[in-house]
$ cat final27.cif   # mmCIF, N, CA and C atoms
data_protein
loop_
_atom_site.label_atom_id
_atom_site.label_comp_id
_atom_site.auth_asym_id
_atom_site.auth_seq_id
_atom_site.Cartn_x
_atom_site.Cartn_y
_atom_site.Cartn_z
N MET A 1 -21.27 -9.20 -13.58
CA MET A 1 -19.98 -9.48 -14.16
C MET A 1 -18.88 -8.92 -13.24
N ASN A 2 -17.90 -9.75 -12.95
CA ASN A 2 -16.79 -9.32 -12.11
C ASN A 2 -15.87 -8.37 -12.87
N VAL A 3 -15.17 -7.53 -12.11
CA VAL A 3 -14.27 -6.54 -12.68
C VAL A 3 -12.89 -6.72 -12.05
N ARG A 4 -11.86 -6.68 -12.88
CA ARG A 4 -10.48 -6.73 -12.39
C ARG A 4 -9.81 -5.40 -12.68
N ILE A 5 -9.19 -4.83 -11.64
CA ILE A 5 -8.41 -3.62 -11.82
C ILE A 5 -6.97 -3.90 -11.38
N VAL A 6 -6.03 -3.24 -12.04
CA VAL A 6 -4.61 -3.39 -11.73
C VAL A 6 -4.06 -2.02 -11.36
N ILE A 7 -3.22 -2.01 -10.31
CA ILE A 7 -2.69 -0.76 -9.77
C ILE A 7 -1.19 -0.92 -9.54
N PRO A 8 -0.33 -0.06 -10.11
CA PRO A 8 1.11 -0.15 -9.83
C PRO A 8 1.39 0.29 -8.39
N VAL A 9 2.10 -0.56 -7.66
CA VAL A 9 2.40 -0.26 -6.25
C VAL A 9 3.89 -0.43 -5.96
N SER A 10 4.33 0.21 -4.89
CA SER A 10 5.74 0.17 -4.54
C SER A 10 6.07 -0.86 -3.46
N GLU A 11 5.03 -1.53 -2.95
CA GLU A 11 5.23 -2.49 -1.86
C GLU A 11 4.12 -3.53 -1.87
N GLU A 12 4.34 -4.59 -1.12
CA GLU A 12 3.33 -5.65 -1.00
C GLU A 12 2.71 -5.61 0.39
N LYS A 13 1.76 -4.72 0.56
CA LYS A 13 1.07 -4.58 1.85
C LYS A 13 -0.45 -4.65 1.66
N GLY A 14 -0.90 -5.41 0.67
CA GLY A 14 -2.33 -5.57 0.45
C GLY A 14 -3.01 -4.25 0.15
N MET A 15 -4.13 -4.04 0.81
CA MET A 15 -4.92 -2.83 0.56
C MET A 15 -4.22 -1.56 1.06
N ASP A 16 -3.20 -1.71 1.90
CA ASP A 16 -2.45 -0.56 2.41
C ASP A 16 -1.22 -0.25 1.57
N SER A 17 -1.02 -0.97 0.48
CA SER A 17 0.14 -0.72 -0.39
C SER A 17 0.08 0.68 -0.95
N GLN A 18 1.24 1.34 -0.98
CA GLN A 18 1.37 2.67 -1.55
C GLN A 18 1.49 2.57 -3.06
N LEU A 19 0.85 3.47 -3.78
CA LEU A 19 0.98 3.49 -5.24
C LEU A 19 2.39 3.89 -5.62
N SER A 20 2.85 3.32 -6.71
CA SER A 20 4.16 3.65 -7.24
C SER A 20 4.08 4.94 -8.04
N GLN A 21 5.10 5.76 -7.92
CA GLN A 21 5.16 7.01 -8.67
C GLN A 21 5.38 6.75 -10.16
N HIS A 22 5.99 5.61 -10.50
CA HIS A 22 6.33 5.31 -11.88
C HIS A 22 5.63 4.03 -12.32
N PHE A 23 4.74 4.11 -13.28
CA PHE A 23 3.99 2.95 -13.75
C PHE A 23 4.90 1.81 -14.20
N GLY A 24 5.74 2.06 -15.19
CA GLY A 24 6.56 1.00 -15.78
C GLY A 24 7.63 0.46 -14.87
N ARG A 25 8.06 1.28 -13.92
CA ARG A 25 9.11 0.85 -13.00
C ARG A 25 8.58 0.49 -11.62
N ALA A 26 7.26 0.34 -11.52
CA ALA A 26 6.67 -0.10 -10.25
C ALA A 26 7.19 -1.51 -9.95
N PRO A 27 7.65 -1.77 -8.75
CA PRO A 27 8.15 -3.10 -8.44
C PRO A 27 7.05 -4.17 -8.43
N PHE A 28 5.81 -3.72 -8.16
CA PHE A 28 4.70 -4.66 -8.07
C PHE A 28 3.44 -4.07 -8.70
N TYR A 29 2.49 -4.94 -8.98
CA TYR A 29 1.17 -4.52 -9.44
C TYR A 29 0.13 -5.22 -8.58
N ALA A 30 -0.73 -4.43 -7.95
CA ALA A 30 -1.84 -4.98 -7.18
C ALA A 30 -2.95 -5.38 -8.15
N ILE A 31 -3.57 -6.51 -7.89
CA ILE A 31 -4.67 -7.00 -8.71
C ILE A 31 -5.89 -7.13 -7.79
N ILE A 32 -6.92 -6.38 -8.11
CA ILE A 32 -8.13 -6.36 -7.30
C ILE A 32 -9.30 -6.84 -8.16
N ASP A 33 -10.01 -7.85 -7.67
CA ASP A 33 -11.21 -8.34 -8.34
C ASP A 33 -12.42 -7.92 -7.52
N LEU A 34 -13.39 -7.32 -8.21
CA LEU A 34 -14.63 -6.86 -7.58
C LEU A 34 -15.81 -7.62 -8.17
N ASP A 35 -16.80 -7.93 -7.34
CA ASP A 35 -18.01 -8.56 -7.87
C ASP A 35 -18.95 -7.47 -8.40
N GLU A 36 -20.12 -7.86 -8.83
CA GLU A 36 -21.07 -6.92 -9.44
C GLU A 36 -21.51 -5.81 -8.49
N GLN A 37 -21.47 -6.08 -7.18
CA GLN A 37 -21.87 -5.09 -6.20
C GLN A 37 -20.68 -4.25 -5.72
N GLY A 38 -19.49 -4.50 -6.25
CA GLY A 38 -18.30 -3.75 -5.87
C GLY A 38 -17.58 -4.33 -4.67
N LYS A 39 -17.97 -5.50 -4.23
CA LYS A 39 -17.30 -6.16 -3.10
C LYS A 39 -16.00 -6.79 -3.60
N ILE A 40 -14.95 -6.65 -2.81
CA ILE A 40 -13.66 -7.24 -3.17
C ILE A 40 -13.75 -8.75 -3.00
N ILE A 41 -13.52 -9.47 -4.10
CA ILE A 41 -13.55 -10.93 -4.05
C ILE A 41 -12.18 -11.53 -4.31
N GLY A 42 -11.21 -10.69 -4.63
CA GLY A 42 -9.84 -11.14 -4.85
C GLY A 42 -8.88 -9.98 -4.68
N ASN A 43 -7.72 -10.26 -4.07
CA ASN A 43 -6.76 -9.21 -3.78
C ASN A 43 -5.38 -9.86 -3.78
N GLY A 44 -4.55 -9.48 -4.73
CA GLY A 44 -3.21 -10.06 -4.80
C GLY A 44 -2.21 -9.08 -5.36
N THR A 45 -0.97 -9.51 -5.42
CA THR A 45 0.11 -8.68 -5.95
C THR A 45 1.03 -9.56 -6.79
N ILE A 46 1.48 -9.03 -7.92
CA ILE A 46 2.48 -9.73 -8.72
C ILE A 46 3.68 -8.82 -8.87
N ALA A 47 4.84 -9.43 -9.04
CA ALA A 47 6.06 -8.67 -9.26
C ALA A 47 6.13 -8.18 -10.70
N ASN A 48 6.74 -7.05 -10.90
CA ASN A 48 6.99 -6.53 -12.25
C ASN A 48 8.19 -7.30 -12.81
N THR A 49 7.93 -8.17 -13.75
CA THR A 49 9.00 -8.99 -14.34
C THR A 49 9.30 -8.54 -15.76
N SER A 50 9.04 -7.28 -16.06
CA SER A 50 9.27 -6.74 -17.40
C SER A 50 10.76 -6.49 -17.62
N GLU A 51 11.07 -5.99 -18.78
CA GLU A 51 12.47 -5.69 -19.12
C GLU A 51 13.09 -4.66 -18.18
N HIS A 52 12.26 -3.85 -17.52
CA HIS A 52 12.78 -2.87 -16.56
C HIS A 52 13.41 -3.56 -15.34
N PHE A 53 13.04 -4.82 -15.12
CA PHE A 53 13.55 -5.56 -13.97
C PHE A 53 14.28 -6.83 -14.40
N GLY A 54 14.87 -6.80 -15.58
CA GLY A 54 15.67 -7.92 -16.05
C GLY A 54 14.90 -9.02 -16.74
N GLY A 55 13.60 -8.83 -16.92
CA GLY A 55 12.76 -9.83 -17.58
C GLY A 55 12.59 -9.51 -19.06
N VAL A 56 11.49 -9.96 -19.58
CA VAL A 56 11.20 -9.78 -21.00
C VAL A 56 9.88 -9.04 -21.15
N GLY A 57 9.80 -8.20 -22.17
CA GLY A 57 8.55 -7.52 -22.49
C GLY A 57 8.36 -6.22 -21.74
N LEU A 58 7.29 -5.56 -22.08
CA LEU A 58 6.93 -4.28 -21.47
C LEU A 58 5.82 -4.48 -20.46
N PRO A 59 5.72 -3.61 -19.45
CA PRO A 59 4.68 -3.76 -18.44
C PRO A 59 3.26 -3.90 -19.01
N PRO A 60 2.85 -3.13 -20.04
CA PRO A 60 1.49 -3.31 -20.55
C PRO A 60 1.23 -4.74 -21.07
N GLU A 61 2.24 -5.34 -21.68
CA GLU A 61 2.06 -6.71 -22.18
C GLU A 61 1.77 -7.66 -21.03
N ARG A 62 2.53 -7.53 -19.96
CA ARG A 62 2.37 -8.38 -18.78
C ARG A 62 1.00 -8.16 -18.15
N ILE A 63 0.61 -6.92 -17.99
CA ILE A 63 -0.66 -6.61 -17.35
C ILE A 63 -1.84 -7.06 -18.20
N CYS A 64 -1.77 -6.90 -19.51
CA CYS A 64 -2.87 -7.32 -20.38
C CYS A 64 -3.11 -8.82 -20.30
N GLN A 65 -2.08 -9.60 -19.98
CA GLN A 65 -2.26 -11.04 -19.81
C GLN A 65 -3.19 -11.35 -18.63
N LEU A 66 -3.32 -10.42 -17.70
CA LEU A 66 -4.18 -10.61 -16.53
C LEU A 66 -5.65 -10.31 -16.84
N LYS A 67 -5.91 -9.79 -18.02
CA LYS A 67 -7.26 -9.46 -18.50
C LYS A 67 -8.02 -8.49 -17.57
N PRO A 68 -7.39 -7.34 -17.27
CA PRO A 68 -8.09 -6.36 -16.43
C PRO A 68 -9.10 -5.56 -17.24
N LYS A 69 -10.07 -5.01 -16.54
CA LYS A 69 -10.98 -4.05 -17.17
C LYS A 69 -10.33 -2.66 -17.14
N ALA A 70 -9.54 -2.40 -16.07
CA ALA A 70 -8.95 -1.07 -15.92
C ALA A 70 -7.59 -1.14 -15.25
N LEU A 71 -6.76 -0.18 -15.60
CA LEU A 71 -5.49 0.10 -14.93
C LEU A 71 -5.68 1.46 -14.26
N VAL A 72 -5.33 1.56 -12.98
CA VAL A 72 -5.45 2.83 -12.27
C VAL A 72 -4.06 3.27 -11.86
N THR A 73 -3.67 4.49 -12.27
CA THR A 73 -2.31 4.96 -12.07
C THR A 73 -2.29 6.48 -11.98
N TYR A 74 -1.14 7.03 -11.59
CA TYR A 74 -0.97 8.49 -11.59
C TYR A 74 -0.81 9.01 -13.02
N GLY A 75 -0.16 8.24 -13.85
CA GLY A 75 0.09 8.61 -15.23
C GLY A 75 1.00 7.58 -15.87
N LEU A 76 1.14 7.63 -17.17
CA LEU A 76 2.03 6.72 -17.88
C LEU A 76 2.35 7.30 -19.23
N GLY A 77 3.35 6.73 -19.87
CA GLY A 77 3.79 7.21 -21.16
C GLY A 77 2.79 6.93 -22.27
N SER A 78 2.94 7.66 -23.37
CA SER A 78 1.99 7.55 -24.48
C SER A 78 2.02 6.17 -25.13
N LYS A 79 3.19 5.53 -25.21
CA LYS A 79 3.27 4.19 -25.81
C LYS A 79 2.49 3.18 -24.98
N ALA A 80 2.66 3.22 -23.67
CA ALA A 80 1.93 2.31 -22.79
C ALA A 80 0.43 2.58 -22.87
N LEU A 81 0.05 3.86 -22.87
CA LEU A 81 -1.37 4.21 -22.96
C LEU A 81 -1.97 3.64 -24.24
N MET A 82 -1.27 3.78 -25.35
CA MET A 82 -1.76 3.27 -26.62
C MET A 82 -1.91 1.74 -26.57
N MET A 83 -0.95 1.06 -25.95
CA MET A 83 -1.03 -0.40 -25.86
C MET A 83 -2.26 -0.83 -25.06
N PHE A 84 -2.56 -0.14 -23.98
CA PHE A 84 -3.74 -0.46 -23.18
C PHE A 84 -5.02 -0.15 -23.96
N GLN A 85 -5.05 0.99 -24.62
CA GLN A 85 -6.23 1.35 -25.40
C GLN A 85 -6.51 0.31 -26.48
N GLU A 86 -5.46 -0.12 -27.17
CA GLU A 86 -5.63 -1.13 -28.22
C GLU A 86 -6.12 -2.46 -27.66
N ALA A 87 -5.78 -2.76 -26.40
CA ALA A 87 -6.20 -4.00 -25.75
C ALA A 87 -7.58 -3.86 -25.09
N GLY A 88 -8.17 -2.67 -25.15
CA GLY A 88 -9.49 -2.47 -24.56
C GLY A 88 -9.48 -2.32 -23.05
N VAL A 89 -8.34 -1.92 -22.50
CA VAL A 89 -8.21 -1.71 -21.05
C VAL A 89 -8.31 -0.22 -20.77
N ALA A 90 -9.27 0.16 -19.93
CA ALA A 90 -9.41 1.57 -19.55
C ALA A 90 -8.24 1.96 -18.67
N VAL A 91 -7.66 3.13 -18.90
CA VAL A 91 -6.60 3.66 -18.06
C VAL A 91 -7.18 4.85 -17.31
N LEU A 92 -7.22 4.71 -15.99
CA LEU A 92 -7.84 5.71 -15.14
C LEU A 92 -6.79 6.40 -14.27
N ARG A 93 -6.92 7.71 -14.14
CA ARG A 93 -5.98 8.50 -13.36
C ARG A 93 -6.50 8.67 -11.94
N THR A 94 -5.58 8.57 -10.98
CA THR A 94 -5.94 8.75 -9.58
C THR A 94 -4.98 9.69 -8.89
N GLU A 95 -5.41 10.23 -7.77
CA GLU A 95 -4.55 11.01 -6.88
C GLU A 95 -4.41 10.28 -5.54
N ALA A 96 -5.04 9.12 -5.42
CA ALA A 96 -5.01 8.35 -4.17
C ALA A 96 -3.61 7.83 -3.88
N ASN A 97 -3.35 7.54 -2.63
CA ASN A 97 -2.03 7.07 -2.23
C ASN A 97 -1.97 5.58 -1.93
N THR A 98 -3.10 4.96 -1.61
CA THR A 98 -3.11 3.54 -1.27
C THR A 98 -4.11 2.78 -2.15
N VAL A 99 -3.91 1.48 -2.22
CA VAL A 99 -4.83 0.63 -2.98
C VAL A 99 -6.25 0.77 -2.43
N LYS A 100 -6.38 0.80 -1.11
CA LYS A 100 -7.69 0.94 -0.48
C LYS A 100 -8.41 2.19 -0.98
N ASP A 101 -7.68 3.30 -1.06
CA ASP A 101 -8.27 4.56 -1.52
C ASP A 101 -8.61 4.52 -3.01
N VAL A 102 -7.79 3.84 -3.80
CA VAL A 102 -8.08 3.69 -5.23
C VAL A 102 -9.35 2.89 -5.43
N VAL A 103 -9.50 1.80 -4.70
CA VAL A 103 -10.69 0.96 -4.84
C VAL A 103 -11.94 1.75 -4.45
N ALA A 104 -11.86 2.52 -3.38
CA ALA A 104 -13.01 3.35 -2.97
C ALA A 104 -13.36 4.35 -4.06
N ALA A 105 -12.35 5.01 -4.63
CA ALA A 105 -12.59 5.99 -5.70
C ALA A 105 -13.17 5.30 -6.94
N TYR A 106 -12.68 4.11 -7.24
CA TYR A 106 -13.19 3.37 -8.40
C TYR A 106 -14.67 3.02 -8.18
N LYS A 107 -14.99 2.51 -7.01
CA LYS A 107 -16.38 2.12 -6.72
C LYS A 107 -17.32 3.33 -6.73
N ASN A 108 -16.79 4.51 -6.37
CA ASN A 108 -17.60 5.73 -6.35
C ASN A 108 -17.56 6.48 -7.68
N ASN A 109 -16.95 5.86 -8.69
CA ASN A 109 -16.87 6.45 -10.02
C ASN A 109 -16.21 7.84 -10.00
N GLU A 110 -15.13 7.96 -9.22
CA GLU A 110 -14.45 9.24 -9.05
C GLU A 110 -13.16 9.36 -9.87
N LEU A 111 -12.85 8.36 -10.67
CA LEU A 111 -11.61 8.37 -11.44
C LEU A 111 -11.89 8.83 -12.87
N GLN A 112 -10.92 9.54 -13.44
CA GLN A 112 -11.08 10.03 -14.80
C GLN A 112 -10.18 9.24 -15.74
N GLU A 113 -10.68 9.01 -16.94
CA GLU A 113 -9.90 8.27 -17.93
C GLU A 113 -8.76 9.13 -18.46
N LEU A 114 -7.58 8.53 -18.55
CA LEU A 114 -6.44 9.21 -19.17
C LEU A 114 -6.61 9.16 -20.68
N THR A 115 -6.43 10.29 -21.32
CA THR A 115 -6.57 10.33 -22.77
C THR A 115 -5.26 10.61 -23.47
N GLU A 116 -4.25 11.02 -22.70
CA GLU A 116 -2.93 11.22 -23.30
C GLU A 116 -1.86 10.87 -22.28
N GLY A 117 -0.76 10.34 -22.81
CA GLY A 117 0.35 9.95 -21.95
C GLY A 117 1.25 11.13 -21.68
N CYS A 118 2.21 10.92 -20.81
CA CYS A 118 3.18 11.96 -20.51
C CYS A 118 4.58 11.39 -20.72
N HIS A 119 5.54 12.26 -20.85
CA HIS A 119 6.91 11.83 -21.11
C HIS A 119 7.55 11.21 -19.89
N HIS A 120 7.21 11.69 -18.73
CA HIS A 120 7.74 11.14 -17.49
C HIS A 120 6.55 10.66 -16.68
N ALA A 121 6.26 9.38 -16.75
CA ALA A 121 5.04 8.83 -16.16
C ALA A 121 5.14 8.72 -14.64
N HIS A 122 4.95 9.84 -13.98
CA HIS A 122 4.93 9.83 -12.53
C HIS A 122 3.87 10.80 -12.04
N HIS A 123 3.80 10.98 -10.74
CA HIS A 123 2.70 11.68 -10.10
C HIS A 123 2.42 13.07 -10.66
N GLU A 124 3.41 13.77 -11.16
CA GLU A 124 3.19 15.13 -11.65
C GLU A 124 2.48 15.17 -12.99
N CYS A 125 2.32 14.07 -13.65
CA CYS A 125 1.71 14.07 -14.99
C CYS A 125 0.24 14.36 -14.93
#

$ encode --input "final27.cif" --output "structure tokens"
Amino acid sequence: MNVRIVIPVSEEKGMDSQLSQHFGRAPFYAIIDLDEQGKIIGNGTIANTSEHFGGVGLPPERICQLKPKALVTYGLGSKALMMFQEAGVAVLRTEANTVKDVVAAYKNNELQELTEGCHHAHHEC
């Protein structure tokens, strides 16, 4: 079974994209599809078109439409965390700086599930 993970990023540089410090205000979200052996079979980026950027809706609503298995981030607020939990999307915490490093950590099962949100969803959370 293939796995889709979503990662908030601050730029569109593929696997070298830097993670965004702020989940909801990330300008982009990297979308990585892995096959059963963990090989990357899809790699793309979408713009954050939520209300934070003049669009409609909240970032979790937009991301859940992509049907990911997991969101990998530094941290996020409790409301967003609850929305992902209710949608059955695992929220995993990382310390990695690039998409490439996040994917490696994910494949090596080195990420921990977030169980509580923070008030300021950025790297210090």

$ resolve_selection --input "final27.cif" --expression "the PyMOL selection byres (((chain A and resi 19 and name CA) around 10) and name CA)" --output "list in words"
Ile7, Pro8, Val9, Ser10, Glu11, Asp16, Ser17, Gln18, Ser20, Gln21, His22, Phe23, Ala26, Phe28, Tyr29, Ala30, Val72, Thr73, Tyr74, Thr94, Glu95, Ala96, Asn97, Thr98, Val99, Val102 and His123 of chain A

$ resolve_selection --input "final27.cif" --expression "the PyMOL selection byres (((chain A and resi 70 and name CA) around 8) and name CA)" --output "short mmCIF file (atom, residue, chain, number, x, y, z; two decimals) with N, CA and C atoms, keeping the file's coordinate frame"
data_model
loop_
_atom_site.label_atom_id
_atom_site.label_comp_id
_atom_site.auth_asym_id
_atom_site.auth_seq_id
_atom_site.Cartn_x
_atom_site.Cartn_y
_atom_site.Cartn_z
N ARG A 4 -11.86 -6.68 -12.88
CA ARG A 4 -10.48 -6.73 -12.39
C ARG A 4 -9.81 -5.40 -12.68
N ILE A 5 -9.19 -4.83 -11.64
CA ILE A 5 -8.41 -3.62 -11.82
C ILE A 5 -6.97 -3.90 -11.38
N VAL A 6 -6.03 -3.24 -12.04
CA VAL A 6 -4.61 -3.39 -11.73
C VAL A 6 -4.06 -2.02 -11.36
N PRO A 68 -7.39 -7.34 -17.27
CA PRO A 68 -8.09 -6.36 -16.43
C PRO A 68 -9.10 -5.56 -17.24
N LYS A 69 -10.07 -5.01 -16.54
CA LYS A 69 -10.98 -4.05 -17.17
C LYS A 69 -10.33 -2.66 -17.14
N LEU A 71 -6.76 -0.18 -15.60
CA LEU A 71 -5.49 0.10 -14.93
C LEU A 71 -5.68 1.46 -14.26
N VAL A 72 -5.33 1.56 -12.98
CA VAL A 72 -5.45 2.83 -12.27
C VAL A 72 -4.06 3.27 -11.86
N VAL A 89 -8.34 -1.92 -22.50
CA VAL A 89 -8.21 -1.71 -21.05
C VAL A 89 -8.31 -0.22 -20.77
N ALA A 90 -9.27 0.16 -19.93
CA ALA A 90 -9.41 1.57 -19.55
C ALA A 90 -8.24 1.96 -18.67
N VAL A 91 -7.66 3.13 -18.90
CA VAL A 91 -6.60 3.66 -18.06
C VAL A 91 -7.18 4.85 -17.31
N LEU A 92 -7.22 4.71 -15.99
CA LEU A 92 -7.84 5.71 -15.14
C LEU A 92 -6.79 6.40 -14.27
#

$ closest_residue --input "final27.cif" --among "A:Ile40, A:Arg93, A:Asp33, A:Gly24" --to "Glu61 in chain A" --atoms "only C-alpha atoms"
A:Gly24

$ closest_residue --input "final27.cif" --among "A:Gln65, A:Asn43, A:Asn2, A:Asn109" --to "Ile31 in chain A" --atoms "all atoms listed in the file"
A:Asn43

$ select_by_dssp --input "final27.cif" --residues "chain A" --states "alpha helix (DSSP H)" --output "NGL selection string"
:A and (59-64 or 78-86 or 99-107)

$ atom_distance --input "final27.cif" --atom1 "atom C of Lys67 in chain A" --atom2 "CA of Lys39 in chain A"
17.3 Å

$ atom_distance --input "final27.cif" --atom1 "CA of Asp35 in chain A" --atom2 "atom C of Ala47 in chain A"
24.3 Å

$ select_by_dssp --input "final27.cif" --residues "range 8-104 of chain A" --states "strand (DSSP E or B)" --output "ChimeraX atom specification"
/A:8-9,18-19,28-34,40-47,70-73,90-93,98

$ closest_residue --input "final27.cif" --among "A:Met15, A:Gly117, A:Arg25, A:Gly88" --to "Phe53 in chain A" --atoms "only C-alpha atoms"
A:Arg25

$ resolve_selection --input "final27.cif" --expression "the PyMOL selection byres (((chain A and resi 50 and name CA) around 10) and name CA)" --output "PyMOL selection string"
chain A and resi 24-25+27+47-49+51-63

$ atom_distance --input "final27.cif" --atom1 "atom N of Glu12 in chain A" --atom2 "atom C of Gly38 in chain A"
22.2 Å

$ closest_residue --input "final27.cif" --among "A:Met1, A:Gly77, A:Glu113, A:Lys13" --to "Lys100 in chain A" --atoms "only C-alpha atoms"
A:Lys13

$ closest_residue --input "final27.cif" --among "A:Lys79, A:Gly14, A:Gly42, A:Gln37" --to "Lys107 in chain A" --atoms "only N, CA and C atoms"
A:Gln37

$ closest_residue --input "final27.cif" --among "A:Leu66, A:Ala104, A:Val3, A:Leu81" --to "Cys118 in chain A" --atoms "only C-alpha atoms"
A:Leu81
